[in-house]
Amino acid sequence: MQWWEENKRQTARIALAIAMVVGVDIVARLILRLAMPDSQDDIIPGLIVDACIATTIGVWAFFRARRALVSTVAGEGFFVIAISMLLIAFIGPWVSGDGFGAPIGVMAGRCAVAALVLAVGGALGILTAVAFGIDPLSKAYHAHVERTRQRPRRR
Amino acid sequence: MPSQPALERTWAIAGVIIATVAAFGGGLLAIFLVPLHIGSVPVPISLLITAVINVASVQYAYRVSGWRGAGFAPMIGWFLAVCAAGIPTVEGDVVLPGTWVGLGVLFVGAIAATVPIARSMMVNMPDRGGL
């Protein structure tokens, strides 16, 4: 109970991010299924769905990195990636119309692709926040530099 | 005689390799126990073995090396075992079947390895002075 009281905000944040990523994946697959019902091509729809989920986790990581340290965002992002990849590998093909039953090797391959895509998106989000200097460490560094500049020099 | 840091680094690398081999071997052991039945009732002991081995190997790799990313090596070792056992042969034989226990091994293993890795990543770096 004490653990829950201490971690419920973080748990809710991670759950929300997972729901966002999986939700975007499902919506993107449904839209593509409706828009291209006769398509035999797997590559283009797959790339579009991957781009959507990478962008989603990238935006989440960017905004999260404004308030939390990079190590915290990376840890939370790892949770999000691990659970999202399992859900995407399990639910995604069913939403696309392929059915549930796939060999575990194929499922593991889908997990690996989803994890790679999500990791690249999350890393880009964090690195963009660092590049803009809006993460807490960069802000603390700039504040320290400003204070040092304003301080009168000792003689 | 090698210096103390070199010995520590060697010990850390050896620990990570041991953890990776243990995760791979433990993963294979759990996979081969997936079809275990008592009578007609499936016994999902492989889920328990997967969870214990993944948590223990990831924690061991992190503790023995002190590196945040060390836990990834056992996780990759376990994942390779799952991939190797899950891909069907040309004749269609597969070690890890697509039953609910087989899927459970994939889910439980991934989550059991994720929790300690994410926790080790969230530990803040020690204060080195300065900012």
# chains A, B, ... in the order shown; residues from 1 in each chain; ligands from 1

$ closest_atom_pairs --of "chain B" --to "chain A" --cutoff "9 Å" --atoms "only C-alpha atoms" --output "tab-separated table"
residue	atom	partner	partner_atom	distance
B:Phe79	CA	A:Ala108	CA	7.9
B:Val82	CA	A:Gly105	CA	7.1
B:Cys83	CA	A:Gly105	CA	5.0
B:Ala84	CA	A:Gly105	CA	7.3
B:Ala85	CA	A:Gly105	CA	7.2
B:Gly86	CA	A:Gly105	CA	3.8
B:Ile87	CA	A:Gly105	CA	4.3
B:Pro88	CA	A:Gly105	CA	7.5
B:Val94	CA	A:Pro103	CA	8.5
B:Leu96	CA	A:Ile104	CA	6.7
B:Pro97	CA	A:Ile104	CA	6.7
B:Gly98	CA	A:Pro103	CA	5.3
B:Thr99	CA	A:Ile104	CA	8.9
B:Gly102	CA	A:Ile104	CA	7.2
B:Leu103	CA	A:Ile104	CA	6.9
B:Leu106	CA	A:Ala108	CA	7.6
B:Phe107	CA	A:Leu86	CA	6.8
B:Ala110	CA	A:Ala82	CA	6.9
B:Ile111	CA	A:Ala82	CA	6.9
B:Thr114	CA	A:Phe79	CA	6.5
B:Val115	CA	A:Phe79	CA	7.2
B:Ile117	CA	A:Gly75	CA	7.7
B:Ala118	CA	A:Gly75	CA	4.4
B:Arg119	CA	A:Gly75	CA	6.6
B:Ser120	CA	A:Gly75	CA	7.8
B:Met121	CA	A:Gly75	CA	5.0
B:Met122	CA	A:Thr72	CA	4.6
B:Val123	CA	A:Ser71	CA	7.3
B:Asn124	CA	A:Ser71	CA	6.7
B:Met125	CA	A:Ser71	CA	8.4
B:Leu131	CA	A:Tyr141	CA	7.1

$ select_by_dssp --residues "segment 1-106 of chain B" --states "strand (DSSP E or B)" --output "count of residues only"
4

$ residues_around --residues "Val64 of chain B" --least-positions-apart "6" --cutoff "8 Å" --atoms "only C-alpha atoms" --output "mmCIF file with N, CA, C and O atoms, in the first residue's frame"
data_model
loop_
_atom_site.group_PDB
_atom_site.id
_atom_site.type_symbol
_atom_site.label_atom_id
_atom_site.label_comp_id
_atom_site.auth_asym_id
_atom_site.auth_seq_id
_atom_site.Cartn_x
_atom_site.Cartn_y
_atom_site.Cartn_z
ATOM 1 N N TRP B 11 36.452 -8.513 -13.760
ATOM 2 C CA TRP B 11 35.447 -9.212 -12.959
ATOM 3 C C TRP B 11 34.039 -8.787 -13.377
ATOM 4 O O TRP B 11 33.129 -9.621 -13.468
ATOM 5 N N ALA B 12 33.872 -7.490 -13.659
ATOM 6 C CA ALA B 12 32.555 -6.987 -14.080
ATOM 7 C C ALA B 12 32.147 -7.599 -15.412
ATOM 8 O O ALA B 12 31.003 -8.062 -15.580
ATOM 9 N N GLY B 15 31.232 -11.171 -14.964
ATOM 10 C CA GLY B 15 29.913 -11.288 -14.329
ATOM 11 C C GLY B 15 28.787 -11.096 -15.326
ATOM 12 O O GLY B 15 27.790 -11.832 -15.310
ATOM 13 N N VAL B 16 28.936 -10.108 -16.210
ATOM 14 C CA VAL B 16 27.891 -9.856 -17.217
ATOM 15 C C VAL B 16 27.786 -11.045 -18.174
ATOM 16 O O VAL B 16 26.677 -11.468 -18.540
#

$ select_by_dssp --residues "segment 14-113 of chain B" --states "helix (DSSP H, G or I)" --output "MDAnalysis selection string"
chainID B and resid 14:32 45:65 68:86 100:113

$ closest_residue --among "B:Ala112, B:Ala23, B:Leu7, B:Ile49" --to "Ile76 of chain B" --atoms "only C-alpha atoms"
B:Ala23

$ closest_residue --among "B:Ala22, B:Ile17, B:Ile38, B:Val101" --to "Val52 of chain B" --atoms "only C-alpha atoms"
B:Ala22

$ residues_around --residues "Ala30 of chain B" --least-positions-apart "4" --cutoff "9 Å" --atoms "only C-alpha atoms" --output "PyMOL selection string"
chain B and resi 25-26+34+45-50+105

$ write_last_selection --atoms "N, CA and C atoms" --output "PDB file, in the first residue's frame"
ATOM      1  N   GLY B  25      20.646 -20.021 -20.921  1.00  0.00           N
ATOM      2  CA  GLY B  25      20.417 -21.405 -20.503  1.00  0.00           C
ATOM      3  C   GLY B  25      19.103 -21.568 -19.749  1.00  0.00           C
ATOM      4  N   GLY B  26      18.835 -20.623 -18.861  1.00  0.00           N
ATOM      5  CA  GLY B  26      17.577 -20.669 -18.110  1.00  0.00           C
ATOM      6  C   GLY B  26      16.370 -20.510 -19.019  1.00  0.00           C
ATOM      7  N   VAL B  34       7.812 -25.978 -21.295  1.00  0.00           N
ATOM      8  CA  VAL B  34       6.483 -25.437 -21.657  1.00  0.00           C
ATOM      9  C   VAL B  34       5.435 -26.543 -21.854  1.00  0.00           C
ATOM     10  N   ILE B  45       5.010 -24.268 -15.055  1.00  0.00           N
ATOM     11  CA  ILE B  45       6.184 -23.999 -14.211  1.00  0.00           C
ATOM     12  C   ILE B  45       7.222 -23.176 -14.972  1.00  0.00           C
ATOM     13  N   SER B  46       7.162 -23.223 -16.328  1.00  0.00           N
ATOM     14  CA  SER B  46       8.134 -22.458 -17.116  1.00  0.00           C
ATOM     15  C   SER B  46       7.947 -20.951 -16.913  1.00  0.00           C
ATOM     16  N   LEU B  47       6.717 -20.525 -16.616  1.00  0.00           N
ATOM     17  CA  LEU B  47       6.494 -19.091 -16.360  1.00  0.00           C
ATOM     18  C   LEU B  47       7.263 -18.661 -15.108  1.00  0.00           C
ATOM     19  N   LEU B  48       7.190 -19.494 -14.063  1.00  0.00           N
ATOM     20  CA  LEU B  48       7.888 -19.191 -12.812  1.00  0.00           C
ATOM     21  C   LEU B  48       9.401 -19.189 -13.024  1.00  0.00           C
ATOM     22  N   ILE B  49       9.892 -20.201 -13.745  1.00  0.00           N
ATOM     23  CA  ILE B  49      11.338 -20.290 -13.992  1.00  0.00           C
ATOM     24  C   ILE B  49      11.809 -19.075 -14.794  1.00  0.00           C
ATOM     25  N   THR B  50      11.033 -18.703 -15.817  1.00  0.00           N
ATOM     26  CA  THR B  50      11.401 -17.541 -16.647  1.00  0.00           C
ATOM     27  C   THR B  50      11.478 -16.277 -15.798  1.00  0.00           C
ATOM     28  N   VAL B 105       5.356 -17.257 -21.534  1.00  0.00           N
ATOM     29  CA  VAL B 105       6.810 -17.197 -21.355  1.00  0.00           C
ATOM     30  C   VAL B 105       7.352 -15.905 -21.968  1.00  0.00           C
TER      31      VAL B 105
END

$ atom_distance --atom1 "atom CA of Trp60 of chain A" --atom2 "atom CA of Gly125 of chain A"
7.4 Å

$ closest_residue --among "A:Ile88, A:Leu124, A:Leu47, A:Ala68" --to "Ser138 of chain A" --atoms "only C-alpha atoms"
A:Ala68

$ atom_distance --atom1 "atom CA of Ala129 of chain A" --atom2 "atom CA of Ala61 of chain A"
8.4 Å

$ atom_distance --atom1 "atom CA of Ile31 of chain B" --atom2 "atom CA of Gly92 of chain B"
17.2 Å

$ residues_around --residues "Glu8 of chain B" --least-positions-apart "5" --cutoff "10 Å" --atoms "only C-alpha atoms" --output "ChimeraX atom specification"
/B:3,13-14,64-65

$ decode --residues "segment 105-118 of chain B" --atoms "all heavy atoms" --output "PDB file, in the first residue's frame"
ATOM      1  N   VAL B 105       5.356 -17.257 -21.534  1.00  0.00           N
ATOM      2  CA  VAL B 105       6.810 -17.197 -21.355  1.00  0.00           C
ATOM      3  C   VAL B 105       7.352 -15.905 -21.968  1.00  0.00           C
ATOM      4  O   VAL B 105       8.177 -15.208 -21.360  1.00  0.00           O
ATOM      5  CB  VAL B 105       7.475 -18.439 -21.995  1.00  0.00           C
ATOM      6  CG1 VAL B 105       8.972 -18.236 -22.157  1.00  0.00           C
ATOM      7  CG2 VAL B 105       7.208 -19.666 -21.152  1.00  0.00           C
ATOM      8  N   LEU B 106       6.850 -15.568 -23.172  1.00  0.00           N
ATOM      9  CA  LEU B 106       7.297 -14.330 -23.831  1.00  0.00           C
ATOM     10  C   LEU B 106       6.918 -13.099 -22.996  1.00  0.00           C
ATOM     11  O   LEU B 106       7.750 -12.217 -22.745  1.00  0.00           O
ATOM     12  CB  LEU B 106       6.670 -14.241 -25.221  1.00  0.00           C
ATOM     13  CG  LEU B 106       7.121 -13.107 -26.122  1.00  0.00           C
ATOM     14  CD1 LEU B 106       8.584 -13.245 -26.473  1.00  0.00           C
ATOM     15  CD2 LEU B 106       6.296 -13.074 -27.392  1.00  0.00           C
ATOM     16  N   PHE B 107       5.648 -13.041 -22.539  1.00  0.00           N
ATOM     17  CA  PHE B 107       5.167 -11.880 -21.785  1.00  0.00           C
ATOM     18  C   PHE B 107       5.864 -11.764 -20.428  1.00  0.00           C
ATOM     19  O   PHE B 107       6.390 -10.709 -20.060  1.00  0.00           O
ATOM     20  CB  PHE B 107       3.650 -11.971 -21.579  1.00  0.00           C
ATOM     21  CG  PHE B 107       2.863 -11.435 -22.734  1.00  0.00           C
ATOM     22  CD1 PHE B 107       2.986 -12.009 -23.987  1.00  0.00           C
ATOM     23  CD2 PHE B 107       2.023 -10.360 -22.585  1.00  0.00           C
ATOM     24  CE1 PHE B 107       2.274 -11.516 -25.066  1.00  0.00           C
ATOM     25  CE2 PHE B 107       1.314  -9.850 -23.655  1.00  0.00           C
ATOM     26  CZ  PHE B 107       1.438 -10.430 -24.900  1.00  0.00           C
ATOM     27  N   VAL B 108       5.849 -12.875 -19.669  1.00  0.00           N
ATOM     28  CA  VAL B 108       6.413 -12.844 -18.310  1.00  0.00           C
ATOM     29  C   VAL B 108       7.909 -12.571 -18.362  1.00  0.00           C
ATOM     30  O   VAL B 108       8.438 -11.774 -17.575  1.00  0.00           O
ATOM     31  CB  VAL B 108       6.120 -14.181 -17.585  1.00  0.00           C
ATOM     32  CG1 VAL B 108       6.885 -14.290 -16.285  1.00  0.00           C
ATOM     33  CG2 VAL B 108       4.629 -14.316 -17.324  1.00  0.00           C
ATOM     34  N   GLY B 109       8.600 -13.200 -19.320  1.00  0.00           N
ATOM     35  CA  GLY B 109      10.034 -12.994 -19.431  1.00  0.00           C
ATOM     36  C   GLY B 109      10.382 -11.548 -19.744  1.00  0.00           C
ATOM     37  O   GLY B 109      11.294 -10.976 -19.136  1.00  0.00           O
ATOM     38  N   ALA B 110       9.653 -10.954 -20.691  1.00  0.00           N
ATOM     39  CA  ALA B 110       9.945  -9.564 -21.068  1.00  0.00           C
ATOM     40  C   ALA B 110       9.687  -8.623 -19.889  1.00  0.00           C
ATOM     41  O   ALA B 110      10.505  -7.744 -19.585  1.00  0.00           O
ATOM     42  CB  ALA B 110       9.097  -9.161 -22.266  1.00  0.00           C
ATOM     43  N   ILE B 111       8.578  -8.821 -19.192  1.00  0.00           N
ATOM     44  CA  ILE B 111       8.255  -7.910 -18.088  1.00  0.00           C
ATOM     45  C   ILE B 111       9.195  -8.153 -16.898  1.00  0.00           C
ATOM     46  O   ILE B 111       9.642  -7.208 -16.248  1.00  0.00           O
ATOM     47  CB  ILE B 111       6.776  -8.058 -17.699  1.00  0.00           C
ATOM     48  CG1 ILE B 111       5.923  -7.496 -18.839  1.00  0.00           C
ATOM     49  CG2 ILE B 111       6.447  -7.320 -16.407  1.00  0.00           C
ATOM     50  CD1 ILE B 111       4.460  -7.769 -18.740  1.00  0.00           C
ATOM     51  N   ALA B 112       9.536  -9.420 -16.640  1.00  0.00           N
ATOM     52  CA  ALA B 112      10.430  -9.720 -15.519  1.00  0.00           C
ATOM     53  C   ALA B 112      11.814  -9.131 -15.741  1.00  0.00           C
ATOM     54  O   ALA B 112      12.483  -8.741 -14.783  1.00  0.00           O
ATOM     55  CB  ALA B 112      10.541 -11.230 -15.329  1.00  0.00           C
ATOM     56  N   ALA B 113      12.260  -9.057 -16.981  1.00  0.00           N
ATOM     57  CA  ALA B 113      13.563  -8.441 -17.244  1.00  0.00           C
ATOM     58  C   ALA B 113      13.467  -6.921 -17.270  1.00  0.00           C
ATOM     59  O   ALA B 113      14.423  -6.226 -16.922  1.00  0.00           O
ATOM     60  CB  ALA B 113      14.114  -8.950 -18.579  1.00  0.00           C
ATOM     61  N   THR B 114      12.296  -6.411 -17.654  1.00  0.00           N
ATOM     62  CA  THR B 114      12.140  -4.953 -17.790  1.00  0.00           C
ATOM     63  C   THR B 114      12.177  -4.242 -16.441  1.00  0.00           C
ATOM     64  O   THR B 114      12.821  -3.197 -16.306  1.00  0.00           O
ATOM     65  CB  THR B 114      10.798  -4.645 -18.474  1.00  0.00           C
ATOM     66  OG1 THR B 114      10.811  -5.223 -19.759  1.00  0.00           O
ATOM     67  CG2 THR B 114      10.573  -3.157 -18.589  1.00  0.00           C
ATOM     68  N   VAL B 115      11.511  -4.812 -15.450  1.00  0.00           N
ATOM     69  CA  VAL B 115      11.361  -4.104 -14.167  1.00  0.00           C
ATOM     70  C   VAL B 115      12.720  -3.784 -13.539  1.00  0.00           C
ATOM     71  O   VAL B 115      12.998  -2.616 -13.241  1.00  0.00           O
ATOM     72  CB  VAL B 115      10.441  -4.899 -13.220  1.00  0.00           C
ATOM     73  CG1 VAL B 115      10.402  -4.264 -11.839  1.00  0.00           C
ATOM     74  CG2 VAL B 115       9.041  -4.990 -13.793  1.00  0.00           C
ATOM     75  N   PRO B 116      13.638  -4.774 -13.346  1.00  0.00           N
ATOM     76  CA  PRO B 116      14.921  -4.404 -12.734  1.00  0.00           C
ATOM     77  C   PRO B 116      15.778  -3.497 -13.614  1.00  0.00           C
ATOM     78  O   PRO B 116      16.485  -2.624 -13.084  1.00  0.00           O
ATOM     79  CB  PRO B 116      15.614  -5.745 -12.479  1.00  0.00           C
ATOM     80  CG  PRO B 116      14.866  -6.763 -13.206  1.00  0.00           C
ATOM     81  CD  PRO B 116      13.521  -6.238 -13.497  1.00  0.00           C
ATOM     82  N   ILE B 117      15.684  -3.662 -14.956  1.00  0.00           N
ATOM     83  CA  ILE B 117      16.491  -2.787 -15.827  1.00  0.00           C
ATOM     84  C   ILE B 117      16.012  -1.340 -15.682  1.00  0.00           C
ATOM     85  O   ILE B 117      16.805  -0.414 -15.513  1.00  0.00           O
ATOM     86  CB  ILE B 117      16.407  -3.232 -17.299  1.00  0.00           C
ATOM     87  CG1 ILE B 117      17.091  -4.575 -17.491  1.00  0.00           C
ATOM     88  CG2 ILE B 117      17.065  -2.208 -18.210  1.00  0.00           C
ATOM     89  CD1 ILE B 117      16.966  -5.135 -18.899  1.00  0.00           C
ATOM     90  N   ALA B 118      14.682  -1.152 -15.743  1.00  0.00           N
ATOM     91  CA  ALA B 118      14.135   0.209 -15.645  1.00  0.00           C
ATOM     92  C   ALA B 118      14.452   0.816 -14.277  1.00  0.00           C
ATOM     93  O   ALA B 118      14.779   1.993 -14.176  1.00  0.00           O
ATOM     94  CB  ALA B 118      12.633   0.184 -15.889  1.00  0.00           C
TER      95      ALA B 118
END
